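Participant: Input: one structure, supplied below.
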Amino acid sequence: MHIETVMSHTFTKSDYHKIAKTLEAKSISQQGNVVRIDVQSPDGQHSLLLEIFPSLAIGSRTGNMVQVTSPLGIAQLHLCTHFIAGQDEVLFFAEQADKISGVAVTSTAGCNFYANVDKELLQKDISKLAGEVMICVLQLSFSETVLVELK
């Protein structure tokens with residue numbers, strides 16, 4: 001069986017600390033091939049666990065997987081190609097052909113997940129998009145700079 005490696009980014013210890021600092025993490029730990037970052041809202045009412053699995057076998061491919069677990073459920077982003085740390089949130093994204101998916105984690109223990117978004121939407125005038133699509137496009141458009149740099 002052929003295993004294809006799909007990784008544009010190799011996570012480093014420095015990346016993990018940058019992510020934890022951005023999210024004002026309660027704790028960060030590593031156990032084997034997984035890094036766990038515990039995020040709580042400032043008021044302590046909400047929490048989530050961010051887990052980063054670098055170089056994970058995902059079917060016939062190997063790549064990064066990001067998992068967010070909260071009391072409300074689990075979101076997984078397979079074959080994560082990069083991340084962007086902003087002021088108070090981190091956007092992880094996976095780029096494949098003409099699609100992009102992403103999961104945004106905030107320092108207030110929030111999580112937004114977007115899947116199978118046409119990359120061409122990132123080039124559109126957002127004022128002409130349906131309101132339901134605008135937020136997704138706004139959030140994922142931050143990935144454009146990184147995507148251009150990776151080419």
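Here, A, B, ... name the chains of the structure tokens in the order displayed, residue numbers run from 1 inside each chain, and ligands are numbered from 1 in the same displayed order.
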Name all residues at most 10 Å from Phe11 in chain A (count only C-alpha atoms; drop same-chain ones fewer than 3 positions away) and give them as a ChimeraX atom specification.
Facilitator: /A:7-8,14-16,52-55,64,81-83
Participant: Just N, CA and C atoms for this one: save the residues we selected as a PDB file, in the first residue's frame.
Facilitator:
```
ATOM      1  N   MET A   7       1.553  17.242   3.770  1.00  0.00           N
ATOM      2  CA  MET A   7       1.870  18.211   4.812  1.00  0.00           C
ATOM      3  C   MET A   7       2.602  19.381   4.192  1.00  0.00           C
ATOM      4  N   SER A   8       2.051  20.554   4.333  1.00  0.00           N
ATOM      5  CA  SER A   8       2.749  21.752   3.904  1.00  0.00           C
ATOM      6  C   SER A   8       3.450  22.381   5.095  1.00  0.00           C
ATOM      7  N   SER A  14       7.898  25.546  18.960  1.00  0.00           N
ATOM      8  CA  SER A  14       7.643  26.993  18.929  1.00  0.00           C
ATOM      9  C   SER A  14       6.215  27.282  18.459  1.00  0.00           C
ATOM     10  N   ASP A  15       5.735  26.533  17.458  1.00  0.00           N
ATOM     11  CA  ASP A  15       4.352  26.690  16.982  1.00  0.00           C
ATOM     12  C   ASP A  15       3.362  26.390  18.100  1.00  0.00           C
ATOM     13  N   TYR A  16       3.584  25.297  18.801  1.00  0.00           N
ATOM     14  CA  TYR A  16       2.667  24.910  19.885  1.00  0.00           C
ATOM     15  C   TYR A  16       2.588  25.996  20.944  1.00  0.00           C
ATOM     16  N   ILE A  52      -3.426  18.533  18.615  1.00  0.00           N
ATOM     17  CA  ILE A  52      -2.740  18.556  17.327  1.00  0.00           C
ATOM     18  C   ILE A  52      -1.961  17.252  17.199  1.00  0.00           C
ATOM     19  N   PHE A  53      -2.277  16.513  16.141  1.00  0.00           N
ATOM     20  CA  PHE A  53      -1.629  15.239  15.852  1.00  0.00           C
ATOM     21  C   PHE A  53      -0.769  15.422  14.602  1.00  0.00           C
ATOM     22  N   PRO A  54       0.533  15.663  14.749  1.00  0.00           N
ATOM     23  CA  PRO A  54       1.376  15.806  13.558  1.00  0.00           C
ATOM     24  C   PRO A  54       1.726  14.435  12.983  1.00  0.00           C
ATOM     25  N   SER A  55       1.882  14.383  11.680  1.00  0.00           N
ATOM     26  CA  SER A  55       2.316  13.154  10.998  1.00  0.00           C
ATOM     27  C   SER A  55       1.478  11.937  11.372  1.00  0.00           C
ATOM     28  N   ASN A  64      -1.201  16.157   9.118  1.00  0.00           N
ATOM     29  CA  ASN A  64      -1.574  16.727  10.413  1.00  0.00           C
ATOM     30  C   ASN A  64      -3.083  16.620  10.613  1.00  0.00           C
ATOM     31  N   THR A  81      -2.911  21.787   6.508  1.00  0.00           N
ATOM     32  CA  THR A  81      -1.727  22.204   5.770  1.00  0.00           C
ATOM     33  C   THR A  81      -1.012  23.400   6.384  1.00  0.00           C
ATOM     34  N   HIS A  82      -1.684  24.156   7.244  1.00  0.00           N
ATOM     35  CA  HIS A  82      -1.031  25.297   7.881  1.00  0.00           C
ATOM     36  C   HIS A  82      -1.932  25.902   8.953  1.00  0.00           C
ATOM     37  N   PHE A  83      -1.401  26.906   9.640  1.00  0.00           N
ATOM     38  CA  PHE A  83      -2.195  27.635  10.628  1.00  0.00           C
ATOM     39  C   PHE A  83      -1.767  29.091  10.639  1.00  0.00           C
TER      40      PHE A  83
END
```
Participant: Please list as a PyMOL selection string every residue within 12 Å of Val68 in chain A, counting only C-alpha atoms and excluding residues in the same chain fewer than 2 positions away.
Facilitator: chain A and resi 35-39+47-53+65-66+70-78+92+102-106+109-113
Participant: Would you mind reading off the distance between CA of Glu95 in chain A and CA of Ile126 in chain A, one decimal, in Å?
Facilitator: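 These two atoms are separated by 20.5 Å.
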Participant: Just the strand (DSSP E or B) stuff from chain A, please, per backbone DSSP, written as a PyMOL selection string.
Facilitator: chain A and resi 4-6+27-31+34-40+47-58+61-70+73-80+82-85+89-96+99-106+111-118
Participant: Counting only C-alpha atoms, which of A:His9, A:Glu132, A:Ile100, A:Leu79 gets nearest to Arg61 in chain A?
Facilitator: A:Leu79
